[in-house]
file final23.pdb (PDB, C-alpha atoms, pLDDT in the B column)
ATOM      1  CA  MET C  29      21.428 -67.865 -16.796  1.00 58.00           C
ATOM      2  CA  LYS C  30      24.896 -69.420 -16.946  1.00 70.00           C
ATOM      3  CA  ALA C  31      27.381 -68.316 -19.596  1.00 66.00           C
ATOM      4  CA  THR C  32      27.239 -71.743 -21.289  1.00 73.00           C
ATOM      5  CA  GLU C  33      23.430 -71.547 -21.465  1.00 71.00           C
ATOM      6  CA  VAL C  34      23.600 -68.045 -22.942  1.00 67.00           C
ATOM      7  CA  ARG C  35      26.081 -69.230 -25.576  1.00 72.00           C
ATOM      8  CA  GLN C  36      23.946 -72.240 -26.449  1.00 78.00           C
ATOM      9  CA  ASN C  37      20.840 -70.057 -26.706  1.00 83.00           C
ATOM     10  CA  LEU C  38      22.575 -67.576 -29.019  1.00 86.00           C
ATOM     11  CA  LYS C  39      23.867 -70.409 -31.196  1.00 88.00           C
ATOM     12  CA  LEU C  40      20.368 -71.864 -31.552  1.00 91.00           C
ATOM     13  CA  GLN C  41      18.884 -68.442 -32.309  1.00 93.00           C
ATOM     14  CA  ALA C  42      21.491 -67.786 -34.999  1.00 93.00           C
ATOM     15  CA  TYR C  43      20.980 -71.281 -36.418  1.00 95.00           C
ATOM     16  CA  SER C  44      17.196 -70.859 -36.562  1.00 94.00           C
ATOM     17  CA  ILE C  45      17.386 -67.478 -38.318  1.00 95.00           C
ATOM     18  CA  LEU C  46      20.017 -68.586 -40.820  1.00 96.00           C
ATOM     19  CA  LYS C  47      18.185 -71.808 -41.622  1.00 95.00           C
ATOM     20  CA  GLU C  48      14.899 -69.978 -42.216  1.00 93.00           C
ATOM     21  CA  LYS C  49      16.603 -67.575 -44.621  1.00 95.00           C
ATOM     22  CA  ILE C  50      18.160 -70.491 -46.519  1.00 95.00           C
ATOM     23  CA  VAL C  51      15.010 -72.633 -46.619  1.00 92.00           C
ATOM     24  CA  SER C  52      12.913 -69.654 -47.760  1.00 88.00           C
ATOM     25  CA  CYS C  53      15.553 -68.884 -50.428  1.00 89.00           C
ATOM     26  CA  GLU C  54      16.163 -65.381 -49.088  1.00 92.00           C
ATOM     27  CA  TYR C  55      19.735 -66.641 -49.300  1.00 94.00           C
ATOM     28  CA  SER C  56      19.410 -68.256 -52.710  1.00 91.00           C
ATOM     29  CA  PRO C  57      21.035 -71.542 -53.728  1.00 92.00           C
ATOM     30  CA  GLY C  58      24.511 -70.965 -55.137  1.00 92.00           C
ATOM     31  CA  SER C  59      24.991 -67.585 -53.425  1.00 94.00           C
ATOM     32  CA  MET C  60      28.021 -66.739 -51.291  1.00 96.00           C
ATOM     33  CA  LEU C  61      27.771 -65.499 -47.710  1.00 95.00           C
ATOM     34  CA  ASN C  62      30.307 -63.800 -45.475  1.00 93.00           C
ATOM     35  CA  GLU C  63      30.590 -64.585 -41.761  1.00 92.00           C
ATOM     36  CA  ALA C  64      31.361 -61.013 -40.689  1.00 92.00           C
ATOM     37  CA  ARG C  65      28.503 -59.562 -42.751  1.00 93.00           C
ATOM     38  CA  LEU C  66      26.104 -62.177 -41.391  1.00 93.00           C
ATOM     39  CA  ALA C  67      27.066 -61.257 -37.830  1.00 92.00           C
ATOM     40  CA  THR C  68      26.421 -57.575 -38.553  1.00 92.00           C
ATOM     41  CA  GLU C  69      23.206 -58.180 -40.474  1.00 92.00           C
ATOM     42  CA  LEU C  70      21.676 -60.519 -37.885  1.00 90.00           C
ATOM     43  CA  GLY C  71      22.984 -58.735 -34.798  1.00 91.00           C
ATOM     44  CA  PHE C  72      25.098 -61.553 -33.355  1.00 90.00           C
ATOM     45  CA  SER C  73      28.760 -61.835 -32.477  1.00 89.00           C
ATOM     46  CA  ARG C  74      30.792 -64.004 -34.826  1.00 90.00           C
ATOM     47  CA  THR C  75      30.993 -66.984 -32.433  1.00 90.00           C
ATOM     48  CA  PRO C  76      27.290 -68.036 -32.546  1.00 92.00           C
ATOM     49  CA  ILE C  77      27.230 -67.329 -36.292  1.00 94.00           C
ATOM     50  CA  ARG C  78      30.273 -69.563 -36.808  1.00 93.00           C
ATOM     51  CA  GLU C  79      28.721 -72.315 -34.681  1.00 94.00           C
ATOM     52  CA  ALA C  80      25.408 -72.063 -36.559  1.00 95.00           C
ATOM     53  CA  ILE C  81      27.250 -72.224 -39.896  1.00 95.00           C
ATOM     54  CA  SER C  82      29.006 -75.388 -38.733  1.00 95.00           C
ATOM     55  CA  ILE C  83      25.661 -77.091 -37.983  1.00 95.00           C
ATOM     56  CA  LEU C  84      24.151 -75.979 -41.286  1.00 96.00           C
ATOM     57  CA  GLU C  85      27.177 -77.299 -43.146  1.00 96.00           C
ATOM     58  CA  MET C  86      26.702 -80.706 -41.498  1.00 95.00           C
ATOM     59  CA  GLU C  87      23.031 -80.597 -42.559  1.00 94.00           C
ATOM     60  CA  GLY C  88      24.003 -79.905 -46.156  1.00 94.00           C
ATOM     61  CA  PHE C  89      22.681 -76.344 -46.448  1.00 96.00           C
ATOM     62  CA  LEU C  90      26.066 -74.601 -46.500  1.00 96.00           C
ATOM     63  CA  HIS C  91      29.579 -75.371 -47.654  1.00 95.00           C
ATOM     64  CA  ILE C  92      32.625 -73.469 -46.427  1.00 93.00           C
ATOM     65  CA  VAL C  93      34.902 -72.588 -49.346  1.00 93.00           C
ATOM     66  CA  PRO C  94      38.414 -71.720 -48.115  1.00 90.00           C
ATOM     67  CA  LYS C  95      39.484 -68.125 -48.875  1.00 86.00           C
ATOM     68  CA  LYS C  96      36.163 -67.401 -50.615  1.00 89.00           C
ATOM     69  CA  GLY C  97      33.323 -67.556 -48.108  1.00 91.00           C
ATOM     70  CA  ILE C  98      30.295 -69.648 -47.310  1.00 96.00           C
ATOM     71  CA  LEU C  99      28.418 -71.199 -50.213  1.00 97.00           C
ATOM     72  CA  VAL C 100      24.679 -71.797 -49.970  1.00 96.00           C
ATOM     73  CA  THR C 101      24.482 -75.255 -51.506  1.00 95.00           C
ATOM     74  CA  ASP C 102      22.817 -75.463 -54.884  1.00 93.00           C
ATOM     75  CA  ILE C 103      19.817 -77.677 -55.653  1.00 91.00           C
ATOM     76  CA  LEU C 104      20.934 -80.639 -57.738  1.00 89.00           C
ATOM     77  CA  LEU C 105      18.738 -82.861 -59.880  1.00 89.00           C
ATOM     78  CA  SER C 106      19.865 -85.759 -57.689  1.00 91.00           C
ATOM     79  CA  ASP C 107      18.482 -83.884 -54.660  1.00 92.00           C
ATOM     80  CA  ILE C 108      15.092 -83.532 -56.334  1.00 92.00           C
ATOM     81  CA  VAL C 109      15.000 -87.196 -57.313  1.00 93.00           C
ATOM     82  CA  GLN C 110      15.939 -88.408 -53.822  1.00 95.00           C
ATOM     83  CA  ILE C 111      13.678 -86.004 -51.916  1.00 96.00           C
ATOM     84  CA  PHE C 112      10.599 -86.941 -53.923  1.00 96.00           C
ATOM     85  CA  GLN C 113      11.530 -90.612 -53.866  1.00 96.00           C
ATOM     86  CA  ALA C 114      11.548 -90.418 -50.060  1.00 97.00           C
ATOM     87  CA  ARG C 115       8.242 -88.583 -50.028  1.00 97.00           C
ATOM     88  CA  MET C 116       6.509 -90.956 -52.455  1.00 96.00           C
ATOM     89  CA  GLU C 117       7.540 -94.031 -50.488  1.00 96.00           C
ATOM     90  CA  ILE C 118       7.161 -92.765 -46.930  1.00 97.00           C
ATOM     91  CA  GLU C 119       4.249 -90.297 -46.935  1.00 98.00           C
ATOM     92  CA  PRO C 120       1.568 -92.821 -47.981  1.00 98.00           C
ATOM     93  CA  VAL C 121       2.773 -95.197 -45.238  1.00 98.00           C
ATOM     94  CA  ALA C 122       2.849 -92.381 -42.672  1.00 98.00           C
ATOM     95  CA  LEU C 123      -0.662 -91.320 -43.735  1.00 98.00           C
ATOM     96  CA  LYS C 124      -2.075 -94.811 -43.194  1.00 98.00           C
ATOM     97  CA  LEU C 125      -0.430 -94.954 -39.761  1.00 98.00           C
ATOM     98  CA  ALA C 126      -1.709 -91.470 -38.918  1.00 98.00           C
ATOM     99  CA  GLY C 127      -5.237 -91.707 -40.345  1.00 97.00           C
ATOM    100  CA  PRO C 128      -6.990 -93.302 -37.355  1.00 97.00           C
ATOM    101  CA  ASN C 129      -5.313 -90.820 -34.983  1.00 98.00           C
ATOM    102  CA  ILE C 130      -6.133 -87.506 -36.691  1.00 98.00           C
ATOM    103  CA  PRO C 131      -9.032 -85.662 -35.025  1.00 97.00           C
ATOM    104  CA  ARG C 132     -11.884 -84.932 -37.423  1.00 97.00           C
ATOM    105  CA  GLU C 133     -11.765 -81.273 -36.342  1.00 97.00           C
ATOM    106  CA  LYS C 134      -8.146 -81.041 -37.494  1.00 97.00           C
ATOM    107  CA  LEU C 135      -9.027 -82.489 -40.908  1.00 97.00           C
ATOM    108  CA  LEU C 136     -11.874 -80.005 -41.288  1.00 97.00           C
ATOM    109  CA  THR C 137      -9.537 -77.143 -40.326  1.00 95.00           C
ATOM    110  CA  TRP C 138      -7.051 -78.163 -42.997  1.00 94.00           C
ATOM    111  CA  LYS C 139      -9.857 -78.512 -45.529  1.00 94.00           C
ATOM    112  CA  GLU C 140     -11.081 -75.003 -44.750  1.00 92.00           C
ATOM    113  CA  MET C 141      -7.533 -73.681 -45.235  1.00 89.00           C
ATOM    114  CA  PHE C 142      -7.370 -75.099 -48.761  1.00 88.00           C
ATOM    115  CA  LEU C 143     -10.851 -73.856 -49.584  1.00 87.00           C
ATOM    116  CA  THR C 144     -10.129 -70.274 -48.510  1.00 82.00           C
ATOM    117  CA  ASP C 145      -6.382 -69.562 -48.823  1.00 62.00           C
ATOM    118  CA  ALA C 146      -5.271 -67.501 -51.815  1.00 58.00           C
ATOM    119  CA  PRO C 147      -3.187 -69.544 -54.274  1.00 54.00           C
ATOM    120  CA  SER C 148       0.129 -67.734 -53.814  1.00 55.00           C
ATOM    121  CA  ILE C 149       3.590 -69.223 -53.456  1.00 55.00           C
ATOM    122  CA  GLU C 150       4.242 -67.227 -50.275  1.00 58.00           C
ATOM    123  CA  HIS C 151       1.224 -68.607 -48.403  1.00 61.00           C
ATOM    124  CA  GLY C 152       0.592 -71.716 -50.461  1.00 66.00           C
ATOM    125  CA  TYR C 153       3.742 -73.617 -49.582  1.00 74.00           C
ATOM    126  CA  LYS C 154       3.270 -72.878 -45.873  1.00 81.00           C
ATOM    127  CA  THR C 155      -0.283 -74.228 -45.940  1.00 86.00           C
ATOM    128  CA  ASP C 156       0.908 -77.208 -47.981  1.00 88.00           C
ATOM    129  CA  THR C 157       3.782 -78.045 -45.636  1.00 90.00           C
ATOM    130  CA  ALA C 158       1.636 -77.532 -42.530  1.00 92.00           C
ATOM    131  CA  MET C 159      -0.844 -80.146 -43.742  1.00 95.00           C
ATOM    132  CA  HIS C 160       1.760 -82.684 -44.860  1.00 96.00           C
ATOM    133  CA  LEU C 161       3.802 -82.461 -41.667  1.00 97.00           C
ATOM    134  CA  GLY C 162       0.589 -82.273 -39.657  1.00 97.00           C
ATOM    135  CA  ILE C 163      -0.569 -85.619 -41.046  1.00 98.00           C
ATOM    136  CA  ILE C 164       2.866 -87.166 -40.516  1.00 98.00           C
ATOM    137  CA  GLY C 165       2.862 -85.863 -36.949  1.00 98.00           C
ATOM    138  CA  TYR C 166      -0.018 -88.198 -36.073  1.00 98.00           C
ATOM    139  CA  CYS C 167       1.774 -91.373 -37.271  1.00 98.00           C
ATOM    140  CA  ASN C 168       3.181 -92.049 -33.773  1.00 97.00           C
ATOM    141  CA  ASN C 169       6.651 -92.811 -35.133  1.00 98.00           C
ATOM    142  CA  ALA C 170       9.281 -90.347 -33.924  1.00 97.00           C
ATOM    143  CA  TYR C 171      11.835 -91.541 -36.482  1.00 97.00           C
ATOM    144  CA  ILE C 172       9.516 -90.945 -39.449  1.00 97.00           C
ATOM    145  CA  ILE C 173       8.495 -87.541 -38.066  1.00 97.00           C
ATOM    146  CA  ASP C 174      12.097 -86.395 -37.535  1.00 96.00           C
ATOM    147  CA  MET C 175      13.232 -87.650 -40.942  1.00 96.00           C
ATOM    148  CA  MET C 176      10.345 -86.044 -42.810  1.00 97.00           C
ATOM    149  CA  LYS C 177      10.874 -82.668 -41.128  1.00 95.00           C
ATOM    150  CA  LYS C 178      14.385 -82.698 -42.604  1.00 94.00           C
ATOM    151  CA  VAL C 179      13.074 -83.789 -45.993  1.00 96.00           C
ATOM    152  CA  PHE C 180      10.540 -80.952 -46.019  1.00 95.00           C
ATOM    153  CA  ASP C 181      13.205 -78.353 -45.225  1.00 92.00           C
ATOM    154  CA  LYS C 182      14.927 -79.370 -48.464  1.00 93.00           C
ATOM    155  CA  ASN C 183      11.583 -79.764 -50.254  1.00 92.00           C
ATOM    156  CA  THR C 184      10.593 -76.177 -49.423  1.00 89.00           C
ATOM    157  CA  ARG C 185      13.677 -74.805 -51.174  1.00 90.00           C
ATOM    158  CA  ILE C 186      12.738 -76.750 -54.296  1.00 88.00           C
ATOM    159  CA  ILE C 187       9.154 -75.443 -54.255  1.00 84.00           C
ATOM    160  CA  ILE C 188      10.197 -71.816 -53.835  1.00 83.00           C
ATOM    161  CA  CYS C 189      13.049 -71.952 -56.356  1.00 80.00           C
ATOM    162  CA  SER C 190      10.901 -73.651 -58.989  1.00 73.00           C
ATOM    163  CA  ARG C 191       8.433 -70.749 -58.768  1.00 64.00           C
ATOM    164  CA  GLN C 192       5.351 -72.904 -59.198  1.00 56.00           C
ATOM    165  CA  ASN C 193       2.662 -71.030 -61.079  1.00 52.00           C
ATOM    166  CA  LYS C 194      -0.908 -70.353 -59.972  1.00 53.00           C
ATOM    167  CA  GLU C 195      -2.307 -73.049 -62.259  1.00 57.00           C
ATOM    168  CA  HIS C 196      -0.169 -75.672 -60.515  1.00 71.00           C
ATOM    169  CA  MET C 197      -1.099 -74.246 -57.109  1.00 73.00           C
ATOM    170  CA  GLN C 198      -4.809 -74.592 -57.960  1.00 76.00           C
ATOM    171  CA  GLU C 199      -4.332 -78.215 -59.009  1.00 83.00           C
ATOM    172  CA  ALA C 200      -2.394 -78.922 -55.820  1.00 86.00           C
ATOM    173  CA  ARG C 201      -5.257 -77.475 -53.749  1.00 88.00           C
ATOM    174  CA  LYS C 202      -7.679 -79.898 -55.431  1.00 91.00           C
ATOM    175  CA  GLU C 203      -5.299 -82.793 -54.746  1.00 94.00           C
ATOM    176  CA  HIS C 204      -5.010 -81.830 -51.077  1.00 94.00           C
ATOM    177  CA  LEU C 205      -8.787 -81.699 -50.773  1.00 95.00           C
ATOM    178  CA  GLU C 206      -9.059 -85.192 -52.274  1.00 97.00           C
ATOM    179  CA  ILE C 207      -6.539 -86.490 -49.714  1.00 98.00           C
ATOM    180  CA  LEU C 208      -8.466 -84.867 -46.869  1.00 97.00           C
ATOM    181  CA  ASP C 209     -11.800 -86.204 -48.146  1.00 97.00           C
ATOM    182  CA  GLY C 210     -10.310 -89.709 -48.137  1.00 97.00           C
ATOM    183  CA  LEU C 211      -9.196 -89.242 -44.545  1.00 98.00           C
ATOM    184  CA  LEU C 212     -12.577 -87.829 -43.521  1.00 98.00           C
ATOM    185  CA  CYS C 213     -14.271 -90.902 -45.032  1.00 97.00           C
ATOM    186  CA  GLU C 214     -11.726 -93.114 -43.217  1.00 97.00           C
ATOM    187  CA  ASP C 215     -10.727 -94.651 -46.533  1.00 98.00           C
ATOM    188  CA  PHE C 216      -7.033 -94.626 -45.707  1.00 98.00           C
ATOM    189  CA  ASP C 217      -5.979 -96.690 -48.734  1.00 97.00           C
ATOM    190  CA  LEU C 218      -7.650 -94.179 -51.051  1.00 98.00           C
ATOM    191  CA  ALA C 219      -6.120 -91.232 -49.181  1.00 98.00           C
ATOM    192  CA  ALA C 220      -2.669 -92.857 -49.369  1.00 98.00           C
ATOM    193  CA  ALA C 221      -3.066 -93.414 -53.127  1.00 98.00           C
ATOM    194  CA  LYS C 222      -4.126 -89.770 -53.568  1.00 97.00           C
ATOM    195  CA  MET C 223      -1.103 -88.688 -51.515  1.00 97.00           C
ATOM    196  CA  ARG C 224       1.300 -90.687 -53.664  1.00 97.00           C
ATOM    197  CA  ALA C 225      -0.253 -89.300 -56.857  1.00 96.00           C
ATOM    198  CA  HIS C 226      -0.038 -85.740 -55.496  1.00 95.00           C
ATOM    199  CA  VAL C 227       3.649 -86.100 -54.603  1.00 95.00           C
ATOM    200  CA  ALA C 228       4.320 -87.505 -58.094  1.00 95.00           C
ATOM    201  CA  VAL C 229       2.730 -84.405 -59.654  1.00 92.00           C
ATOM    202  CA  CYS C 230       4.876 -82.146 -57.443  1.00 90.00           C
ATOM    203  CA  ARG C 231       7.979 -84.118 -58.437  1.00 91.00           C
ATOM    204  CA  ASN C 232       7.184 -83.794 -62.136  1.00 89.00           C
ATOM    205  CA  ALA C 233       6.598 -80.029 -61.821  1.00 86.00           C
ATOM    206  CA  ALA C 234       9.949 -79.575 -60.075  1.00 87.00           C
ATOM    207  CA  MET C 235      11.781 -81.781 -62.575  1.00 86.00           C
ATOM    208  CA  ASP C 236      10.221 -79.900 -65.489  1.00 84.00           C
ATOM    209  CA  PHE C 237      11.418 -76.584 -64.082  1.00 80.00           C
ATOM    210  CA  PHE C 238      14.967 -77.612 -63.248  1.00 76.00           C
ATOM    211  CA  TYR C 239      15.464 -79.568 -66.465  1.00 72.00           C
ATOM    212  CA  SER C 240      14.263 -76.624 -68.563  1.00 69.00           C
ATOM    213  CA  SER C 241      16.264 -73.999 -66.619  1.00 55.00           C
TER     214      SER C 241
END
call {"tool": "encode", "arguments": {"input": "final23.pdb", "output": "C-alpha cells"}}
result
Amino acid sequence: MKATEVRQNLKLQAYSILKEKIVSCEYSPGSMLNEARLATELGFSRTPIREAISILEMEGFLHIVPKKGILVTDILLSDIVQIFQARMEIEPVALKLAGPNIPREKLLTWKEMFLTDAPSIEHGYKTDTAMHLGIIGYCNNAYIIDMMKKVFDKNTRIIICSRQNKEHMQEARKEHLEILDGLLCEDFDLAAAKMRAHVAVCRNAAMDFFYSS
C-alpha cells in the first residue's frame, strides 16, 4: 500500500472512531477535547487525528477554540427544530417512494425486532435508526439517502442526550409497529401519516427535555 493510501486510511479510521464517540455522546456536547490526548487515547499519530478533526469541524460536530482546545458542539434548540422539521417533511415522502420497493421479508424482520427488543436507550435507538434509515434506503434517491444519514447522525445525539424514558420507548415501539403494518398492507399513505405523527412525538419529547433542562 502506498504512503498516501496509508495516510488516507488512517485519517478515515480516526474520523470514524471520533465521529462514533461524538454521535453516541461518549464525548458529550459542550465538552472540550485535546488533540494530543485524543492521539494517545485512540492510538493514532497526531496527523490523522488533526485531519479527522478538520472534517468533523466542517460537519458541525466540533469547533476548534484557539488556545483552549476542541469543543464538541452543543445541541441548540434551533438544531432540534431544524432536524425534526427535515424529518417530518422528508421521511413521509421517502417512505412513499420506498414502500413498493421494500421486500416483505425485510418488513417482517423489522417488525420482529420491535416485538422482541428490550426497551433500552442503548439498544432502542439503534433499532429505531436502523429501521428509519432502512426504509429511506429503499427510496431510490441517492440525494435523500445521503442527506438523511447526516440528519440521523445529529438526531442520534439528541435522542441519547435527552435520555428518553422507558415509557416513551414503549410508545415509540407501538408507533413503529403501526408504520410497519401500514407498509405490510401496502397502504403507503397511512404508513406515511403514521411516520409523520411518530416523528412529531419524538420532536415534542426532545423539545420538552431541552426546554425543561
call {"tool": "residues_around", "arguments": {"input": "final23.pdb", "residues": "Gln36 in chain C", "least_positions_apart": "5", "cutoff": "10 Å", "atoms": "only C-alpha atoms", "output": "list of chain:residue names"}}
result
C:Lys30, C:Ala31, C:Gln41, C:Ala42, C:Pro76, C:Glu79
call {"tool": "closest_residue", "arguments": {"input": "final23.pdb", "among": "C:Tyr153, C:Tyr239, C:Tyr43, C:Phe142", "to": "Leu66 in chain C", "atoms": "only C-alpha atoms"}}
result
C:Tyr43
call {"tool": "atom_distance", "arguments": {"input": "final23.pdb", "atom1": "CA of Pro128 in chain C", "atom2": "CA of Leu218 in chain C"}}
result
13.7 Å
call {"tool": "atom_distance", "arguments": {"input": "final23.pdb", "atom1": "CA of Asp174 in chain C", "atom2": "CA of His160 in chain C"}}
result
13.2 Å
call {"tool": "residues_near_point", "arguments": {"input": "final23.pdb", "point": "(1.8, -88.3, -57.3)", "cutoff": "12 Å", "atoms": "only C-alpha atoms", "output": "MDAnalysis selection string"}}
result
chainID C and resid 112:113 115:117 119:120 199:200 203:204 207 219:233
call {"tool": "residues_near_point", "arguments": {"input": "final23.pdb", "point": "(-8.3, -88.4, -39.0)", "cutoff": "10 Å", "atoms": "only C-alpha atoms", "output": "ChimeraX atom specification"}}
result
/C:123-124,126-136,163,166,208,210-214,216
call {"tool": "atom_distance", "arguments": {"input": "final23.pdb", "atom1": "CA of Lys202 in chain C", "atom2": "CA of Lys154 in chain C"}}
result
16.1 Å
call {"tool": "axis_aligned_box", "arguments": {"input": "final23.pdb", "around": "range 61-80 of chain C", "padding_each_side": "6 Å", "output": "AutoDock Vina command-line options"}}
result
--center_x 26.5 --center_y -64.9 --center_z -40.1 --size_x 21.7 --size_y 26.7 --size_z 27.3
call {"tool": "closest_residue", "arguments": {"input": "final23.pdb", "among": "C:Met197, C:Met60, C:Cys189, C:Ile173", "to": "Pro94 in chain C", "atoms": "only C-alpha atoms"}}
result
C:Met60
call {"tool": "closest_residue", "arguments": {"input": "final23.pdb", "among": "C:Ile172, C:Ile45, C:Ile81, C:Leu205", "to": "Thr144 in chain C", "atoms": "only C-alpha atoms"}}
result
C:Leu205
call {"tool": "resolve_selection", "arguments": {"input": "final23.pdb", "expression": "the PyMOL selection byres ((chain C and resi 105) around 12)", "output": "PyMOL selection string"}}
result
chain C and resi 102-104+106-112+186+231-232+234-241
call {"tool": "closest_residue", "arguments": {"input": "final23.pdb", "among": "C:Thr137, C:Glu206, C:Glu69, C:Ile50", "to": "Gly88 in chain C", "atoms": "all atoms listed in the file"}}
result
C:Ile50
call {"tool": "residues_around", "arguments": {"input": "final23.pdb", "residues": "Tyr55 in chain C", "least_positions_apart": "5", "cutoff": "10 Å", "atoms": "only C-alpha atoms", "output": "list in words"}}
result
Leu46, Lys47, Glu48, Lys49, Ile50, Met60, Leu61, Leu99 and Val100 of chain C
call {"tool": "residues_around", "arguments": {"input": "final23.pdb", "residues": "Arg78 in chain C", "least_positions_apart": "4", "cutoff": "10 Å", "atoms": "all atoms listed in the file", "output": "PyMOL selection string"}}
result
chain C and resi 39+42-43+63-64+66-67+73-74+82-84
call {"tool": "closest_residue", "arguments": {"input": "final23.pdb", "among": "C:Lys177, C:Arg35, C:Gly71, C:Asn62", "to": "Gly162 in chain C", "atoms": "all atoms listed in the file"}}
result
C:Lys177
call {"tool": "closest_residue", "arguments": {"input": "final23.pdb", "among": "C:Thr68, C:Ser44, C:Ser59, C:Thr155", "to": "Ala80 in chain C", "atoms": "only C-alpha atoms"}}
result
C:Ser44
call {"tool": "decode", "arguments": {"input": "final23.pdb", "residues": "range 153-184 of chain C", "atoms": "C-alpha atoms", "output": "CSV table (one decimal), in the first residue's frame"}}
result
chain,number,residue,atom,x,y,z
C,153,TYR,CA,-32.1,4.0,19.4
C,154,LYS,CA,-30.0,1.6,17.2
C,155,THR,CA,-33.1,-0.4,16.3
C,156,ASP,CA,-35.0,2.8,15.7
C,157,THR,CA,-32.4,4.3,13.4
C,158,ALA,CA,-31.8,1.0,11.6
C,159,MET,CA,-35.5,0.9,10.6
C,160,HIS,CA,-35.8,4.6,9.6
C,161,LEU,CA,-32.6,4.6,7.5
C,162,GLY,CA,-33.5,1.1,6.2
C,163,ILE,CA,-36.8,2.4,4.9
C,164,ILE,CA,-35.2,5.5,3.4
C,165,GLY,CA,-32.6,3.3,1.8
C,166,TYR,CA,-35.2,1.8,-0.5
C,167,CYS,CA,-36.4,5.2,-1.9
C,168,ASN,CA,-34.0,5.0,-4.8
C,169,ASN,CA,-32.9,8.6,-4.4
C,170,ALA,CA,-29.2,8.9,-3.5
C,171,TYR,CA,-29.6,12.6,-2.5
C,172,ILE,CA,-32.4,11.9,0.0
C,173,ILE,CA,-30.4,8.9,1.4
C,174,ASP,CA,-27.2,10.9,1.8
C,175,MET,CA,-28.9,13.9,3.4
C,176,MET,CA,-30.9,11.7,5.9
C,177,LYS,CA,-27.9,9.8,7.0
C,178,LYS,CA,-26.4,13.2,8.1
C,179,VAL,CA,-29.7,14.2,9.7
C,180,PHE,CA,-29.8,11.0,11.7
C,181,ASP,CA,-26.2,11.4,13.0
C,182,LYS,CA,-27.4,14.7,14.6
C,183,ASN,CA,-30.7,13.1,15.6
C,184,THR,CA,-29.0,10.3,17.5
